[in-house]
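**Student:** data_33.tsv (TSV, C-alpha atoms) pasted underneath:
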chain	number	residue	atom	x	y	z
A	1	MET	CA	66.04	9.42	-14.14
A	2	ALA	CA	66.38	12.04	-16.85
A	3	ASP	CA	65.60	15.67	-16.19
A	4	MET	CA	61.96	16.66	-16.57
A	5	ALA	CA	60.67	13.14	-16.25
A	6	THR	CA	56.87	12.91	-16.42
A	7	HIS	CA	55.03	11.27	-13.52
A	8	VAL	CA	51.32	10.43	-13.36
A	9	ILE	CA	50.25	10.25	-9.71
A	10	THR	CA	46.98	9.27	-8.04
A	11	GLY	CA	46.33	10.21	-4.43
A	12	ALA	CA	48.53	13.33	-4.53
A	13	GLY	CA	46.15	15.26	-2.29
A	14	SER	CA	47.33	13.79	1.01
A	15	GLY	CA	49.56	11.30	2.78
A	16	ILE	CA	52.10	9.32	0.78
A	17	GLY	CA	50.90	10.65	-2.58
A	18	ALA	CA	51.33	14.26	-1.49
A	19	ALA	CA	54.80	13.53	-0.09
A	20	VAL	CA	55.92	11.91	-3.35
A	21	ALA	CA	54.42	14.72	-5.44
A	22	ARG	CA	56.19	17.38	-3.34
A	23	ARG	CA	59.55	15.66	-3.75
A	24	LEU	CA	59.21	15.21	-7.51
A	25	HIS	CA	57.85	18.73	-7.95
A	26	ALA	CA	60.75	20.20	-5.95
A	27	ARG	CA	63.30	18.61	-8.24
A	28	GLY	CA	61.61	20.02	-11.32
A	29	ASP	CA	59.93	16.96	-12.77
A	30	ASP	CA	56.71	17.21	-14.77
A	31	LEU	CA	53.63	16.09	-12.82
A	32	VAL	CA	50.25	14.89	-14.05
A	33	LEU	CA	48.08	14.71	-10.93
A	34	HIS	CA	44.90	12.70	-10.92
A	35	ALA	CA	41.84	14.24	-9.27
A	36	ARG	CA	38.37	12.83	-8.77
A	37	ASP	CA	36.62	16.03	-9.92
A	38	ALA	CA	37.28	19.49	-11.33
A	39	GLY	CA	37.22	21.16	-7.92
A	40	ARG	CA	39.91	18.85	-6.56
A	41	ALA	CA	41.94	19.33	-9.75
A	42	LYS	CA	41.89	23.10	-9.19
A	43	GLU	CA	43.18	22.63	-5.62
A	44	LEU	CA	46.01	20.37	-6.79
A	45	ALA	CA	47.00	22.77	-9.56
A	46	ALA	CA	47.25	25.59	-7.01
A	47	GLU	CA	49.31	23.44	-4.64
A	48	PHE	CA	51.71	22.29	-7.36
A	49	PRO	CA	52.32	25.20	-9.76
A	50	GLY	CA	53.01	24.01	-13.30
A	51	ALA	CA	51.53	20.56	-12.75
A	52	ARG	CA	48.89	19.23	-15.09
A	53	THR	CA	45.76	17.52	-13.81
A	54	LEU	CA	43.74	14.53	-14.96
A	55	VAL	CA	40.14	14.19	-13.82
A	56	GLY	CA	38.31	10.90	-13.41
A	57	ASP	CA	36.39	9.07	-10.69
A	58	LEU	CA	38.34	5.98	-9.56
A	59	SER	CA	35.21	4.59	-7.93
A	60	ASP	CA	33.64	4.30	-11.41
A	61	PRO	CA	36.38	2.65	-13.53
A	62	ASP	CA	33.96	1.99	-16.41
A	63	ARG	CA	33.84	5.74	-17.10
A	64	LEU	CA	37.56	6.49	-16.87
A	65	SER	CA	38.13	5.78	-20.56
A	66	TRP	CA	35.39	8.25	-21.52
A	67	ALA	CA	36.70	10.87	-19.08
A	68	PHE	CA	40.27	10.61	-20.36
A	69	SER	CA	39.16	10.79	-24.00
A	70	HIS	CA	38.11	14.39	-23.32
A	71	GLN	CA	41.45	15.43	-21.83
A	72	SER	CA	44.98	15.71	-23.16
A	73	LEU	CA	47.34	12.95	-22.00
A	74	PRO	CA	51.15	13.09	-22.03
A	75	ASP	CA	52.89	11.44	-24.99
A	76	ARG	CA	55.46	9.80	-22.76
A	77	VAL	CA	55.23	8.67	-19.14
A	78	ASP	CA	58.30	7.91	-17.03
A	79	SER	CA	56.33	6.70	-14.04
A	80	LEU	CA	52.75	5.88	-13.10
A	81	LEU	CA	52.31	5.94	-9.33
A	82	HIS	CA	49.16	4.35	-7.94
A	83	VAL	CA	48.84	5.83	-4.45
A	84	ALA	CA	45.11	6.56	-4.05
A	85	GLY	CA	43.12	4.11	-1.97
A	86	VAL	CA	40.08	3.70	0.24
A	87	VAL	CA	39.42	1.55	3.29
A	88	ASP	CA	36.19	0.49	4.95
A	89	LEU	CA	36.64	-1.98	7.78
A	90	GLY	CA	34.01	-4.55	8.65
A	91	ARG	CA	33.42	-8.20	9.32
A	92	VAL	CA	32.53	-10.50	6.45
A	93	GLY	CA	29.13	-11.00	8.07
A	94	ASP	CA	28.45	-7.27	7.95
A	95	LEU	CA	30.04	-5.90	4.75
A	96	THR	CA	27.62	-5.15	1.92
A	97	PRO	CA	28.29	-5.68	-1.80
A	98	LYS	CA	28.42	-1.87	-2.12
A	99	SER	CA	31.35	-1.70	0.30
A	100	TRP	CA	33.12	-4.58	-1.46
A	101	ARG	CA	32.63	-2.99	-4.88
A	102	HIS	CA	33.80	0.46	-3.75
A	103	GLN	CA	37.07	-0.85	-2.34
A	104	LEU	CA	37.70	-3.24	-5.22
A	105	ASN	CA	36.96	-0.51	-7.78
A	106	VAL	CA	39.19	2.19	-6.27
A	107	ASN	CA	42.00	-0.06	-5.02
A	108	LEU	CA	42.20	-2.60	-7.84
A	109	VAL	CA	40.04	-2.14	-10.94
A	110	ALA	CA	40.86	1.58	-11.37
A	111	PRO	CA	44.64	1.01	-11.12
A	112	ALA	CA	44.32	-1.74	-13.74
A	113	GLU	CA	42.34	0.58	-16.03
A	114	LEU	CA	44.75	3.49	-15.52
A	115	THR	CA	47.67	1.21	-16.29
A	116	ARG	CA	45.97	-0.04	-19.46
A	117	HIS	CA	45.48	3.56	-20.58
A	118	PHE	CA	49.06	4.61	-19.99
A	119	LEU	CA	50.88	1.48	-21.15
A	120	PRO	CA	51.69	2.89	-24.62
A	121	GLN	CA	53.25	5.99	-23.03
A	122	LEU	CA	55.04	3.87	-20.41
A	123	ARG	CA	56.48	1.62	-23.11
A	124	ALA	CA	57.61	4.67	-25.07
A	125	GLY	CA	59.44	6.01	-22.03
A	126	ARG	CA	60.61	2.62	-20.70
A	127	GLY	CA	58.78	3.77	-17.64
A	128	HIS	CA	58.02	2.52	-14.17
A	129	VAL	CA	54.71	1.53	-12.58
A	130	ILE	CA	54.63	1.76	-8.80
A	131	PHE	CA	51.74	0.31	-6.84
A	132	VAL	CA	51.50	1.55	-3.27
A	133	ASN	CA	50.00	-1.54	-1.72
A	134	SER	CA	49.71	-2.24	2.02
A	135	GLY	CA	50.72	-4.72	4.66
A	136	ALA	CA	47.15	-5.95	4.13
A	137	GLY	CA	48.21	-7.01	0.64
A	138	LEU	CA	50.41	-9.66	2.24
A	139	ALA	CA	48.30	-10.79	5.21
A	140	ALA	CA	44.59	-10.43	6.00
A	141	HIS	CA	43.22	-10.01	9.52
A	142	ALA	CA	39.79	-9.83	11.10
A	143	ASP	CA	37.67	-6.90	9.88
A	144	TRP	CA	40.00	-6.25	6.91
A	145	SER	CA	38.60	-8.75	4.36
A	146	ALA	CA	37.42	-6.40	1.59
A	147	TYR	CA	40.39	-4.04	1.82
A	148	ALA	CA	42.88	-6.90	2.06
A	149	ALA	CA	41.22	-8.68	-0.88
A	150	SER	CA	41.61	-5.54	-3.00
A	151	LYS	CA	45.27	-5.23	-2.00
A	152	HIS	CA	46.01	-8.95	-2.52
A	153	GLY	CA	44.52	-8.44	-5.98
A	154	LEU	CA	46.75	-5.40	-6.51
A	155	LYS	CA	49.80	-7.59	-5.79
A	156	ALA	CA	48.61	-10.07	-8.42
A	157	LEU	CA	48.07	-7.22	-10.91
A	158	ALA	CA	51.60	-5.93	-10.31
A	159	ASP	CA	53.20	-9.38	-10.55
A	160	SER	CA	51.42	-10.21	-13.82
A	161	LEU	CA	52.20	-6.79	-15.30
A	162	ARG	CA	55.89	-7.19	-14.43
A	163	HIS	CA	56.11	-10.45	-16.39
A	164	GLU	CA	54.10	-9.08	-19.31
A	165	GLU	CA	56.01	-5.81	-19.73
A	166	HIS	CA	59.58	-6.80	-18.83
A	167	ALA	CA	60.54	-7.20	-22.49
A	168	ASN	CA	59.17	-3.70	-23.16
A	169	GLY	CA	61.50	-2.19	-20.56
A	170	VAL	CA	58.69	-1.28	-18.16
A	171	ARG	CA	59.63	-1.75	-14.50
A	172	VAL	CA	57.02	-2.64	-11.88
A	173	THR	CA	57.34	-2.18	-8.13
A	174	SER	CA	54.94	-2.95	-5.29
A	175	VAL	CA	55.47	-1.03	-2.05
A	176	TYR	CA	53.90	-2.45	1.11
A	177	PRO	CA	53.86	0.26	3.82
A	178	GLY	CA	52.84	-0.57	7.35
A	179	ARG	CA	50.60	1.89	9.15
A	180	THR	CA	51.46	5.38	7.91
A	181	ALA	CA	50.44	8.69	9.48
A	182	SER	CA	47.76	9.94	7.07
A	183	PRO	CA	44.07	10.85	6.88
A	184	MET	CA	43.36	7.23	5.94
A	185	GLN	CA	45.07	6.03	9.11
A	186	ALA	CA	43.04	8.46	11.19
A	187	LYS	CA	39.89	7.01	9.62
A	188	VAL	CA	41.05	3.46	10.34
A	189	HIS	CA	41.60	4.30	14.00
A	190	GLN	CA	38.15	5.87	14.15
A	191	GLN	CA	36.63	2.71	12.68
A	192	GLU	CA	38.61	0.62	15.16
A	193	GLY	CA	37.47	2.82	18.05
A	194	LYS	CA	41.06	3.68	18.98
A	195	ASP	CA	42.83	6.96	19.73
A	196	TYR	CA	45.03	8.13	16.87
A	197	ASP	CA	48.60	9.24	17.56
A	198	ALA	CA	50.40	10.09	14.30
A	199	SER	CA	53.82	9.94	15.99
A	200	LYS	CA	53.47	6.17	16.42
A	201	TRP	CA	53.32	5.48	12.71
A	202	ILE	CA	55.49	5.92	9.62
A	203	ASP	CA	55.90	9.46	8.32
A	204	PRO	CA	54.65	9.63	4.70
A	205	GLU	CA	57.98	11.29	3.83
A	206	SER	CA	59.78	8.09	4.80
A	207	VAL	CA	57.64	6.02	2.44
A	208	ALA	CA	58.23	8.66	-0.26
A	209	THR	CA	61.98	8.18	0.22
A	210	THR	CA	61.67	4.46	-0.51
A	211	ILE	CA	59.53	5.14	-3.60
A	212	LEU	CA	62.05	7.62	-5.01
A	213	MET	CA	64.82	5.11	-4.35
A	214	ALA	CA	63.01	2.56	-6.51
A	215	LEU	CA	62.29	5.17	-9.20
A	216	ASP	CA	65.86	6.42	-9.36
A	217	LEU	CA	67.52	3.02	-9.43
A	218	PRO	CA	69.80	2.58	-12.47
A	219	ARG	CA	68.31	0.71	-15.42
A	220	ASP	CA	70.31	-2.46	-14.73
A	221	ALA	CA	68.16	-3.22	-11.66
A	222	GLU	CA	64.53	-3.29	-10.59
A	223	VAL	CA	62.97	-3.36	-7.13
A	224	ASN	CA	60.05	-5.78	-7.31
A	225	ASP	CA	58.69	-5.70	-3.76
A	226	LEU	CA	59.47	-3.25	-0.98
A	227	THR	CA	58.11	-3.67	2.55
A	228	VAL	CA	58.23	-0.66	4.89
A	229	ARG	CA	57.38	-1.06	8.57
A	230	PRO	CA	57.07	1.41	11.48
A	231	GLY	CA	60.44	1.90	13.14
A	232	ASN	CA	59.16	3.11	16.50
Take the structure from the file and write it as structure tokens.
**Tutor:**
Amino acid sequence: MADMATHVITGAGSGIGAAVARRLHARGDDLVLHARDAGRAKELAAEFPGARTLVGDLSDPDRLSWAFSHQSLPDRVDSLLHVAGVVDLGRVGDLTPKSWRHQLNVNLVAPAELTRHFLPQLRAGRGHVIFVNSGAGLAAHADWSAYAASKHGLKALADSLRHEEHANGVRVTSVYPGRTASPMQAKVHQQEGKDYDASKWIDPESVATTILMALDLPRDAEVNDLTVRPGN
């Protein structure tokens, strides 16, 4: 990609999102880091000097448009990276509509709304939308229904967007990491009642490497789907 490419990233505070942000920041690219509130935005700005921040609550997608209308957005976007996500395990017989809505809003509806907002800038830059999905976006297991449904929906969003925007030069990639060592994974283990050993799972840096590979691919090619599994 060209020097000083502009990347909009959600989930840059930890895990895969932080790893990607560090790599792009280190090579001198321009970052616009999403934060859920002003306090988190201040923390991200301190962690990534020179980066801009964008505040909006992904759990309330209906208000994102209003929130963004009060902030300055970049004129051109080279990549939009959807990395933020939430998980709340539970059996279908136990999950409440609140839990369903929260996961669907953060994991699916908010990425769709963010993409809608940035499509003009992505078209202008012939940019790239990357959805960090999950193995749960390809197969659903017991206790994972709401999360897997949100991630299956995210796959559908990415696939439709790819067909719709191909003629505009916008590339779309879905990345499906297996279990990755992150705060989310620690929470999953807690919900599963299991001990958490980060060394057993994928290092976020390894997933970041695959994402940068897709981003930096020459314009004559596009990675549509990328599955990353633990190597240990």
**Student:** Measuring between all atoms listed in the file, which one of A:Ser99, A:Ser79, A:Asn133, A:Ser59 shows the shortest distance to Gln121 (chain A)?
**Tutor:**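 Using all atoms listed in the file, the shortest distance to Gln121 (chain A) belongs to A:Ser79.
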**Student:** Work out how far apart CA of Asp195 (chain A) and CA of Leu89 (chain A) are and give it in Å to one decimal.
**Tutor:**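 Distance reported for this atom pair: 16.2 Å.
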**Student:** Which polymer residues, protein or nucleic acid, are no farther than 7 Å from (52.4, 1.6, -2.2), counting all atoms listed in the file, as a ChimeraX atom specification?
**Tutor:** /A:83,130-134,174-177
**Student:** List the spatial neighbours of region 125-128 of chain A as a PyMOL selection string - criterion: any atom at most 12 Å away, all atoms listed in the file, same-chain residues fewer than 2 positions off excluded.
**Tutor:** chain A and resi 1-2+5-9+74-82+115+118-123+130-131+158+161-162+165-174+211-212+214-219+221-224
**Student:** Select, from A:Val92, A:Ala45, A:Leu114, A:Ala139, the residue with the minimum atom-to-atom distance to Thr10 (chain A), counting all atoms listed in the file.
**Tutor:**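 Result for the nearest residue to Thr10 (chain A): A:Leu114.
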**Student:** Wanna dump the region 72-187 of chain A-region 53-58 of chain A contacts at 9 Å for me, each residue with its shortest atom pair and the distance in Å to one decimal, counting only C-alpha atoms, ordered by chain and number, as a tab-separated table?
**Tutor:**
residue	atom	partner	partner_atom	distance
A:Ser72	CA	A:Leu54	CA	8.4
A:Leu73	CA	A:Leu54	CA	8.1
A:Ala84	CA	A:Leu58	CA	8.7
A:Asn105	CA	A:Leu58	CA	6.9
A:Val106	CA	A:Leu58	CA	5.1
A:Asn107	CA	A:Leu58	CA	8.4
A:Val109	CA	A:Leu58	CA	8.4
A:Ala110	CA	A:Leu58	CA	5.4
A:Pro111	CA	A:Leu58	CA	8.2
**Student:** Suppose you want the space between CA of Gly85 (chain A) and CA of Gly50 (chain A); what is it in Å?
**Tutor:**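 For CA of Gly85 (chain A) relative to CA of Gly50 (chain A), the distance reads 24.9 Å.
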**Student:** Pick out the closest residue to Thr227 (chain A) from this set: A:Leu138, A:Ala149, A:Leu154, A:Ala35. Count only C-alpha atoms.
**Tutor:**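 Using only C-alpha atoms, the shortest distance to Thr227 (chain A) belongs to A:Leu138.
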**Student:** Which residue is closest to Ile16 (chain A)? Choose from A:Arg179, A:His152, A:Lys194, A:His163 and count all atoms listed in the file.
**Tutor:**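 Residue with the minimum atom-to-atom distance to Ile16 (chain A): A:Arg179.
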**Student:** N, CA and C atoms for region 73-106 of chain A, written as a PDB file, in the frame of the given file, could you do that?
**Tutor:**
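Contents of the output file part_35.pdb:
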ATOM      1  N   LEU A  73      46.453  13.822 -22.762  1.00  0.00           N
ATOM      2  CA  LEU A  73      47.340  12.950 -22.000  1.00  0.00           C
ATOM      3  C   LEU A  73      48.776  13.156 -22.472  1.00  0.00           C
ATOM      4  N   PRO A  74      49.758  12.948 -21.597  1.00  0.00           N
ATOM      5  CA  PRO A  74      51.150  13.090 -22.030  1.00  0.00           C
ATOM      6  C   PRO A  74      51.523  12.036 -23.063  1.00  0.00           C
ATOM      7  N   ASP A  75      52.457  12.381 -23.948  1.00  0.00           N
ATOM      8  CA  ASP A  75      52.890  11.440 -24.990  1.00  0.00           C
ATOM      9  C   ASP A  75      53.833  10.374 -24.438  1.00  0.00           C
ATOM     10  N   ARG A  76      54.483  10.710 -23.351  1.00  0.00           N
ATOM     11  CA  ARG A  76      55.460   9.800 -22.760  1.00  0.00           C
ATOM     12  C   ARG A  76      55.296   9.872 -21.247  1.00  0.00           C
ATOM     13  N   VAL A  77      55.358   8.722 -20.594  1.00  0.00           N
ATOM     14  CA  VAL A  77      55.230   8.670 -19.140  1.00  0.00           C
ATOM     15  C   VAL A  77      56.427   7.911 -18.573  1.00  0.00           C
ATOM     16  N   ASP A  78      57.150   8.562 -17.662  1.00  0.00           N
ATOM     17  CA  ASP A  78      58.300   7.910 -17.030  1.00  0.00           C
ATOM     18  C   ASP A  78      57.894   7.098 -15.813  1.00  0.00           C
ATOM     19  N   SER A  79      56.836   7.534 -15.133  1.00  0.00           N
ATOM     20  CA  SER A  79      56.330   6.700 -14.040  1.00  0.00           C
ATOM     21  C   SER A  79      54.845   6.936 -13.841  1.00  0.00           C
ATOM     22  N   LEU A  80      54.169   5.856 -13.480  1.00  0.00           N
ATOM     23  CA  LEU A  80      52.750   5.880 -13.100  1.00  0.00           C
ATOM     24  C   LEU A  80      52.704   5.393 -11.663  1.00  0.00           C
ATOM     25  N   LEU A  81      52.306   6.278 -10.757  1.00  0.00           N
ATOM     26  CA  LEU A  81      52.310   5.940  -9.330  1.00  0.00           C
ATOM     27  C   LEU A  81      50.878   5.833  -8.813  1.00  0.00           C
ATOM     28  N   HIS A  82      50.495   4.617  -8.468  1.00  0.00           N
ATOM     29  CA  HIS A  82      49.160   4.350  -7.940  1.00  0.00           C
ATOM     30  C   HIS A  82      49.221   4.468  -6.416  1.00  0.00           C
ATOM     31  N   VAL A  83      48.776   5.605  -5.893  1.00  0.00           N
ATOM     32  CA  VAL A  83      48.840   5.830  -4.450  1.00  0.00           C
ATOM     33  C   VAL A  83      47.448   5.943  -3.826  1.00  0.00           C
ATOM     34  N   ALA A  84      46.467   6.376  -4.592  1.00  0.00           N
ATOM     35  CA  ALA A  84      45.110   6.560  -4.050  1.00  0.00           C
ATOM     36  C   ALA A  84      44.552   5.228  -3.553  1.00  0.00           C
ATOM     37  N   GLY A  85      43.756   5.316  -2.499  1.00  0.00           N
ATOM     38  CA  GLY A  85      43.120   4.110  -1.970  1.00  0.00           C
ATOM     39  C   GLY A  85      42.037   4.466  -0.981  1.00  0.00           C
ATOM     40  N   VAL A  86      41.139   3.522  -0.756  1.00  0.00           N
ATOM     41  CA  VAL A  86      40.080   3.700   0.240  1.00  0.00           C
ATOM     42  C   VAL A  86      40.041   2.474   1.137  1.00  0.00           C
ATOM     43  N   VAL A  87      39.546   2.672   2.360  1.00  0.00           N
ATOM     44  CA  VAL A  87      39.420   1.550   3.290  1.00  0.00           C
ATOM     45  C   VAL A  87      38.096   1.678   4.030  1.00  0.00           C
ATOM     46  N   ASP A  88      37.448   0.552   4.202  1.00  0.00           N
ATOM     47  CA  ASP A  88      36.190   0.490   4.950  1.00  0.00           C
ATOM     48  C   ASP A  88      36.198  -0.835   5.715  1.00  0.00           C
ATOM     49  N   LEU A  89      36.529  -0.769   6.981  1.00  0.00           N
ATOM     50  CA  LEU A  89      36.640  -1.980   7.780  1.00  0.00           C
ATOM     51  C   LEU A  89      35.269  -2.582   8.072  1.00  0.00           C
ATOM     52  N   GLY A  90      35.250  -3.872   8.292  1.00  0.00           N
ATOM     53  CA  GLY A  90      34.010  -4.550   8.650  1.00  0.00           C
ATOM     54  C   GLY A  90      34.184  -6.048   8.577  1.00  0.00           C
ATOM     55  N   ARG A  91      33.359  -6.737   9.329  1.00  0.00           N
ATOM     56  CA  ARG A  91      33.420  -8.200   9.320  1.00  0.00           C
ATOM     57  C   ARG A  91      32.731  -8.732   8.073  1.00  0.00           C
ATOM     58  N   VAL A  92      33.124  -9.901   7.643  1.00  0.00           N
ATOM     59  CA  VAL A  92      32.530 -10.500   6.450  1.00  0.00           C
ATOM     60  C   VAL A  92      31.010 -10.595   6.601  1.00  0.00           C
ATOM     61  N   GLY A  93      30.561 -10.872   7.824  1.00  0.00           N
ATOM     62  CA  GLY A  93      29.130 -11.000   8.070  1.00  0.00           C
ATOM     63  C   GLY A  93      28.365  -9.699   7.997  1.00  0.00           C
ATOM     64  N   ASP A  94      29.099  -8.576   7.944  1.00  0.00           N
ATOM     65  CA  ASP A  94      28.450  -7.270   7.950  1.00  0.00           C
ATOM     66  C   ASP A  94      28.653  -6.452   6.674  1.00  0.00           C
ATOM     67  N   LEU A  95      29.732  -6.701   5.941  1.00  0.00           N
ATOM     68  CA  LEU A  95      30.040  -5.900   4.750  1.00  0.00           C
ATOM     69  C   LEU A  95      29.021  -6.138   3.644  1.00  0.00           C
ATOM     70  N   THR A  96      28.589  -5.052   3.012  1.00  0.00           N
ATOM     71  CA  THR A  96      27.620  -5.150   1.920  1.00  0.00           C
ATOM     72  C   THR A  96      28.349  -5.220   0.580  1.00  0.00           C
ATOM     73  N   PRO A  97      27.679  -5.693  -0.467  1.00  0.00           N
ATOM     74  CA  PRO A  97      28.290  -5.680  -1.800  1.00  0.00           C
ATOM     75  C   PRO A  97      28.750  -4.283  -2.211  1.00  0.00           C
ATOM     76  N   LYS A  98      28.029  -3.248  -1.789  1.00  0.00           N
ATOM     77  CA  LYS A  98      28.420  -1.870  -2.120  1.00  0.00           C
ATOM     78  C   LYS A  98      29.802  -1.550  -1.568  1.00  0.00           C
ATOM     79  N   SER A  99      30.042  -1.950  -0.315  1.00  0.00           N
ATOM     80  CA  SER A  99      31.350  -1.700   0.300  1.00  0.00           C
ATOM     81  C   SER A  99      32.438  -2.502  -0.391  1.00  0.00           C
ATOM     82  N   TRP A 100      32.146  -3.755  -0.712  1.00  0.00           N
ATOM     83  CA  TRP A 100      33.120  -4.580  -1.460  1.00  0.00           C
ATOM     84  C   TRP A 100      33.453  -3.928  -2.793  1.00  0.00           C
ATOM     85  N   ARG A 101      32.409  -3.543  -3.536  1.00  0.00           N
ATOM     86  CA  ARG A 101      32.630  -2.990  -4.880  1.00  0.00           C
ATOM     87  C   ARG A 101      33.429  -1.697  -4.820  1.00  0.00           C
ATOM     88  N   HIS A 102      33.099  -0.833  -3.844  1.00  0.00           N
ATOM     89  CA  HIS A 102      33.800   0.460  -3.750  1.00  0.00           C
ATOM     90  C   HIS A 102      35.292   0.249  -3.540  1.00  0.00           C
ATOM     91  N   GLN A 103      35.650  -0.629  -2.621  1.00  0.00           N
ATOM     92  CA  GLN A 103      37.070  -0.850  -2.340  1.00  0.00           C
ATOM     93  C   GLN A 103      37.768  -1.570  -3.487  1.00  0.00           C
ATOM     94  N   LEU A 104      37.098  -2.537  -4.079  1.00  0.00           N
ATOM     95  CA  LEU A 104      37.700  -3.240  -5.220  1.00  0.00           C
ATOM     96  C   LEU A 104      37.864  -2.298  -6.412  1.00  0.00           C
ATOM     97  N   ASN A 105      36.877  -1.433  -6.652  1.00  0.00           N
ATOM     98  CA  ASN A 105      36.960  -0.510  -7.780  1.00  0.00           C
ATOM     99  C   ASN A 105      38.108   0.483  -7.618  1.00  0.00           C
ATOM    100  N   VAL A 106      38.175   1.157  -6.473  1.00  0.00           N
ATOM    101  CA  VAL A 106      39.190   2.190  -6.270  1.00  0.00           C
ATOM    102  C   VAL A 106      40.583   1.579  -6.119  1.00  0.00           C
TER     103      VAL A 106
END
